[in-house]
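For reference, the structure is listed below as structure tokens.
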Amino acid sequence: MSDSPLAEDVIVRLRTDGEKLAPAFRVAEGDLTPEFYARLAAAFVERDLVRVSLLATARPKRAALIAHLVKHGDCTYVGLLGRDALLHRAAPPARP
């Protein structure tokens, strides 16, 4: 999970911003449905950073949840805050 396409200064800023966010979702393995990803996409319309509370307690299960979120949520993993994953999706460029 450490191979982030984000620059280190961007990661630091996003982690700082993420500390101020409440988790938008609480997810376990069975929660990652198409309906969940529609709600996640809607959350990214409102902001570029979403905090997701991971209910899995084992590190490999949390890593699997994060990988699934990144792959199917079309977003970038920023880091963990406790058991909460920070996910980022850059806003589309503004049209002139």
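By convention here, the chains of the structure tokens are called A, B, ... in the order presented, each chain's residues are numbered starting at 1, and ligands are numbered starting at 1 in the order presented.
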
Residue neighbourhood A:Gly30, 12 Å, only C-alpha atoms, exclusion window fewer than 6 positions, as an NGL selection string: :A and (36 or 54-56 or 61 or 65 or 68)

Long-range neighbours of A:Phe44 as an MDAnalysis selection string, 10 Å cut-off, only C-alpha atoms, 2 positions minimum in chain: chainID A and resid 38:42 46:50 73 75 87:91

Those residues with C-alpha atoms, as a PDB file, in the first residue's frame please?
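Output below, filename part_27.pdb:
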ATOM      1  CA  ALA A  38     -22.604   4.489  -5.741  1.00  0.00           C
ATOM      2  CA  ARG A  39     -22.739   6.125  -2.284  1.00  0.00           C
ATOM      3  CA  LEU A  40     -18.936   6.406  -2.241  1.00  0.00           C
ATOM      4  CA  ALA A  41     -18.986   8.085  -5.670  1.00  0.00           C
ATOM      5  CA  ALA A  42     -21.604  10.529  -4.378  1.00  0.00           C
ATOM      6  CA  GLU A  46     -18.950  16.577  -2.376  1.00  0.00           C
ATOM      7  CA  ARG A  47     -15.270  16.347  -1.382  1.00  0.00           C
ATOM      8  CA  ASP A  48     -12.001  14.894  -2.627  1.00  0.00           C
ATOM      9  CA  LEU A  49     -11.189  13.080   0.640  1.00  0.00           C
ATOM     10  CA  VAL A  50     -13.328  10.435   2.347  1.00  0.00           C
ATOM     11  CA  GLY A  73     -13.988   2.983  -5.965  1.00  0.00           C
ATOM     12  CA  CYS A  75      -9.724   6.364  -5.812  1.00  0.00           C
ATOM     13  CA  LEU A  87      -9.336   7.698   0.305  1.00  0.00           C
ATOM     14  CA  HIS A  88      -8.746  10.465  -2.215  1.00  0.00           C
ATOM     15  CA  ARG A  89     -10.214  11.148  -5.619  1.00  0.00           C
ATOM     16  CA  ALA A  90      -8.993  14.237  -7.416  1.00  0.00           C
ATOM     17  CA  ALA A  91     -11.732  16.575  -8.558  1.00  0.00           C
TER      18      ALA A  91
END

10 Å contact set for A:Arg26, only C-alpha atoms, chain neighbours under 5 positions out, as a PyMOL selection string: chain A and resi 31+51-55+84

Members of chain A assigned strand (DSSP E) by DSSP, as a list of chain:residue names: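 Reading the DSSP output for chain A, strand (DSSP E) covers A:Phe25, A:Arg26, A:Val27, A:Leu49, A:Val50, A:Arg51, A:Val52, A:Ser53, A:Leu54, A:Thr76, A:Tyr77, A:Val78, A:Gly79, A:Leu80, A:Leu81, A:Asp84, A:Ala85, A:Leu86, A:Leu87, A:His88.
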
Which residue of A:Pro60, A:Pro5, A:Pro34, A:Gly79 approaches A:Glu19 most closely, using only C-alpha atoms: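 Under the stated criterion, the closest residue is A:Gly79.
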
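The smallest atom-to-atom distance between A:Ala85 and any of A:Ala58, A:Ala67, A:Leu6, A:Val45, using only C-alpha atoms, is found for A:Ala67.
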
d(atom CA of A:Ser4, atom CA of A:Thr57) in Å: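 Atom CA of A:Thr57 lies 23.3 Å from atom CA of A:Ser4.
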
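Residue nearest A:Arg15, chosen from A:Leu81, A:Leu32, A:Ile66, A:Val27 and counting only C-alpha atoms: A:Leu81.
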
Would you list, as a PDB file with N, CA and C atoms, in the first residue's frame, the residues of chain A that end up in alpha helix (DSSP H) under DSSP run on this structure's backbone?
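Output file out_26.pdb follows:
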ATOM      1  N   GLU A   8       4.570  13.226  -1.555  1.00  0.00           N
ATOM      2  CA  GLU A   8       4.640  13.170  -0.094  1.00  0.00           C
ATOM      3  C   GLU A   8       3.972  14.380   0.562  1.00  0.00           C
ATOM      4  N   ASP A   9       4.164  15.581   0.029  1.00  0.00           N
ATOM      5  CA  ASP A   9       3.542  16.765   0.621  1.00  0.00           C
ATOM      6  C   ASP A   9       2.019  16.726   0.494  1.00  0.00           C
ATOM      7  N   VAL A  10       1.510  16.142  -0.580  1.00  0.00           N
ATOM      8  CA  VAL A  10       0.063  15.994  -0.752  1.00  0.00           C
ATOM      9  C   VAL A  10      -0.475  14.992   0.267  1.00  0.00           C
ATOM     10  N   ILE A  11       0.237  13.901   0.474  1.00  0.00           N
ATOM     11  CA  ILE A  11      -0.175  12.902   1.459  1.00  0.00           C
ATOM     12  C   ILE A  11      -0.229  13.526   2.853  1.00  0.00           C
ATOM     13  N   VAL A  12       0.770  14.307   3.215  1.00  0.00           N
ATOM     14  CA  VAL A  12       0.801  14.950   4.531  1.00  0.00           C
ATOM     15  C   VAL A  12      -0.405  15.882   4.684  1.00  0.00           C
ATOM     16  N   ARG A  13      -0.707  16.670   3.656  1.00  0.00           N
ATOM     17  CA  ARG A  13      -1.847  17.591   3.712  1.00  0.00           C
ATOM     18  C   ARG A  13      -3.159  16.822   3.835  1.00  0.00           C
ATOM     19  N   LEU A  14      -3.304  15.757   3.048  1.00  0.00           N
ATOM     20  CA  LEU A  14      -4.540  14.979   3.081  1.00  0.00           C
ATOM     21  C   LEU A  14      -4.722  14.271   4.422  1.00  0.00           C
ATOM     22  N   ARG A  15      -3.636  13.752   4.988  1.00  0.00           N
ATOM     23  CA  ARG A  15      -3.733  13.094   6.302  1.00  0.00           C
ATOM     24  C   ARG A  15      -4.134  14.108   7.375  1.00  0.00           C
ATOM     25  N   THR A  16      -3.582  15.306   7.297  1.00  0.00           N
ATOM     26  CA  THR A  16      -3.947  16.363   8.241  1.00  0.00           C
ATOM     27  C   THR A  16      -5.419  16.715   8.098  1.00  0.00           C
ATOM     28  N   ASP A  17      -5.876  16.861   6.866  1.00  0.00           N
ATOM     29  CA  ASP A  17      -7.293  17.151   6.621  1.00  0.00           C
ATOM     30  C   ASP A  17      -8.171  15.988   7.086  1.00  0.00           C
ATOM     31  N   GLY A  18      -7.704  14.757   6.872  1.00  0.00           N
ATOM     32  CA  GLY A  18      -8.467  13.577   7.240  1.00  0.00           C
ATOM     33  C   GLY A  18      -8.676  13.431   8.731  1.00  0.00           C
ATOM     34  N   GLU A  19      -7.747  13.944   9.522  1.00  0.00           N
ATOM     35  CA  GLU A  19      -7.890  13.879  10.979  1.00  0.00           C
ATOM     36  C   GLU A  19      -9.103  14.667  11.455  1.00  0.00           C
ATOM     37  N   PRO A  34     -22.346  -2.861  -5.180  1.00  0.00           N
ATOM     38  CA  PRO A  34     -22.511  -1.764  -6.143  1.00  0.00           C
ATOM     39  C   PRO A  34     -23.228  -0.548  -5.529  1.00  0.00           C
ATOM     40  N   GLU A  35     -24.165  -0.793  -4.633  1.00  0.00           N
ATOM     41  CA  GLU A  35     -24.869   0.311  -3.975  1.00  0.00           C
ATOM     42  C   GLU A  35     -23.911   1.111  -3.093  1.00  0.00           C
ATOM     43  N   PHE A  36     -23.022   0.404  -2.404  1.00  0.00           N
ATOM     44  CA  PHE A  36     -22.033   1.103  -1.589  1.00  0.00           C
ATOM     45  C   PHE A  36     -21.151   1.987  -2.469  1.00  0.00           C
ATOM     46  N   TYR A  37     -20.688   1.449  -3.592  1.00  0.00           N
ATOM     47  CA  TYR A  37     -19.806   2.231  -4.459  1.00  0.00           C
ATOM     48  C   TYR A  37     -20.532   3.418  -5.077  1.00  0.00           C
ATOM     49  N   ALA A  38     -21.830   3.333  -5.277  1.00  0.00           N
ATOM     50  CA  ALA A  38     -22.604   4.489  -5.741  1.00  0.00           C
ATOM     51  C   ALA A  38     -22.615   5.573  -4.655  1.00  0.00           C
ATOM     52  N   ARG A  39     -22.775   5.156  -3.389  1.00  0.00           N
ATOM     53  CA  ARG A  39     -22.739   6.125  -2.284  1.00  0.00           C
ATOM     54  C   ARG A  39     -21.347   6.719  -2.124  1.00  0.00           C
ATOM     55  N   LEU A  40     -20.305   5.905  -2.317  1.00  0.00           N
ATOM     56  CA  LEU A  40     -18.936   6.406  -2.241  1.00  0.00           C
ATOM     57  C   LEU A  40     -18.687   7.429  -3.349  1.00  0.00           C
ATOM     58  N   ALA A  41     -19.144   7.138  -4.556  1.00  0.00           N
ATOM     59  CA  ALA A  41     -18.986   8.085  -5.670  1.00  0.00           C
ATOM     60  C   ALA A  41     -19.696   9.398  -5.363  1.00  0.00           C
ATOM     61  N   ALA A  42     -20.875   9.312  -4.752  1.00  0.00           N
ATOM     62  CA  ALA A  42     -21.604  10.529  -4.378  1.00  0.00           C
ATOM     63  C   ALA A  42     -20.827  11.325  -3.328  1.00  0.00           C
ATOM     64  N   ALA A  43     -20.180  10.635  -2.403  1.00  0.00           N
ATOM     65  CA  ALA A  43     -19.374  11.317  -1.389  1.00  0.00           C
ATOM     66  C   ALA A  43     -18.203  12.047  -2.043  1.00  0.00           C
ATOM     67  N   PHE A  44     -17.610  11.447  -3.081  1.00  0.00           N
ATOM     68  CA  PHE A  44     -16.494  12.095  -3.765  1.00  0.00           C
ATOM     69  C   PHE A  44     -16.939  13.296  -4.595  1.00  0.00           C
ATOM     70  N   VAL A  45     -18.210  13.400  -4.912  1.00  0.00           N
ATOM     71  CA  VAL A  45     -18.708  14.585  -5.604  1.00  0.00           C
ATOM     72  C   VAL A  45     -18.661  15.777  -4.653  1.00  0.00           C
ATOM     73  N   GLU A  46     -18.931  15.521  -3.382  1.00  0.00           N
ATOM     74  CA  GLU A  46     -18.950  16.577  -2.376  1.00  0.00           C
ATOM     75  C   GLU A  46     -17.558  16.991  -1.906  1.00  0.00           C
ATOM     76  N   ARG A  59      -5.087  -7.375  10.144  1.00  0.00           N
ATOM     77  CA  ARG A  59      -4.377  -6.543   9.175  1.00  0.00           C
ATOM     78  C   ARG A  59      -4.544  -7.030   7.737  1.00  0.00           C
ATOM     79  N   PRO A  60      -4.441  -8.334   7.444  1.00  0.00           N
ATOM     80  CA  PRO A  60      -4.631  -8.776   6.055  1.00  0.00           C
ATOM     81  C   PRO A  60      -6.036  -8.484   5.527  1.00  0.00           C
ATOM     82  N   LYS A  61      -7.038  -8.602   6.380  1.00  0.00           N
ATOM     83  CA  LYS A  61      -8.417  -8.304   5.961  1.00  0.00           C
ATOM     84  C   LYS A  61      -8.589  -6.815   5.690  1.00  0.00           C
ATOM     85  N   ARG A  62      -7.983  -5.969   6.525  1.00  0.00           N
ATOM     86  CA  ARG A  62      -8.057  -4.519   6.281  1.00  0.00           C
ATOM     87  C   ARG A  62      -7.365  -4.177   4.978  1.00  0.00           C
ATOM     88  N   ALA A  63      -6.220  -4.788   4.725  1.00  0.00           N
ATOM     89  CA  ALA A  63      -5.498  -4.538   3.473  1.00  0.00           C
ATOM     90  C   ALA A  63      -6.334  -4.970   2.273  1.00  0.00           C
ATOM     91  N   ALA A  64      -7.038  -6.087   2.397  1.00  0.00           N
ATOM     92  CA  ALA A  64      -7.896  -6.558   1.303  1.00  0.00           C
ATOM     93  C   ALA A  64      -9.057  -5.595   1.078  1.00  0.00           C
ATOM     94  N   LEU A  65      -9.646  -5.079   2.156  1.00  0.00           N
ATOM     95  CA  LEU A  65     -10.725  -4.098   2.014  1.00  0.00           C
ATOM     96  C   LEU A  65     -10.230  -2.839   1.318  1.00  0.00           C
ATOM     97  N   ILE A  66      -9.056  -2.362   1.715  1.00  0.00           N
ATOM     98  CA  ILE A  66      -8.495  -1.154   1.106  1.00  0.00           C
ATOM     99  C   ILE A  66      -8.230  -1.383  -0.374  1.00  0.00           C
ATOM    100  N   ALA A  67      -7.645  -2.516  -0.714  1.00  0.00           N
ATOM    101  CA  ALA A  67      -7.371  -2.818  -2.122  1.00  0.00           C
ATOM    102  C   ALA A  67      -8.657  -2.848  -2.935  1.00  0.00           C
ATOM    103  N   HIS A  68      -9.702  -3.427  -2.367  1.00  0.00           N
ATOM    104  CA  HIS A  68     -10.996  -3.488  -3.059  1.00  0.00           C
ATOM    105  C   HIS A  68     -11.585  -2.092  -3.213  1.00  0.00           C
ATOM    106  N   LEU A  69     -11.510  -1.283  -2.162  1.00  0.00           N
ATOM    107  CA  LEU A  69     -12.019   0.087  -2.224  1.00  0.00           C
ATOM    108  C   LEU A  69     -11.313   0.895  -3.308  1.00  0.00           C
ATOM    109  N   VAL A  70     -10.002   0.774  -3.370  1.00  0.00           N
ATOM    110  CA  VAL A  70      -9.224   1.528  -4.358  1.00  0.00           C
ATOM    111  C   VAL A  70      -9.555   1.067  -5.776  1.00  0.00           C
ATOM    112  N   LYS A  71      -9.602  -0.237  -5.967  1.00  0.00           N
ATOM    113  CA  LYS A  71      -9.846  -0.780  -7.305  1.00  0.00           C
ATOM    114  C   LYS A  71     -11.245  -0.435  -7.811  1.00  0.00           C
ATOM    115  N   HIS A  72     -12.247  -0.669  -6.993  1.00  0.00           N
ATOM    116  CA  HIS A  72     -13.629  -0.504  -7.434  1.00  0.00           C
ATOM    117  C   HIS A  72     -14.194   0.882  -7.142  1.00  0.00           C
ATOM    118  N   GLY A  73     -13.521   1.640  -6.290  1.00  0.00           N
ATOM    119  CA  GLY A  73     -13.988   2.983  -5.965  1.00  0.00           C
ATOM    120  C   GLY A  73     -13.315   4.064  -6.777  1.00  0.00           C
TER     121      GLY A  73
END
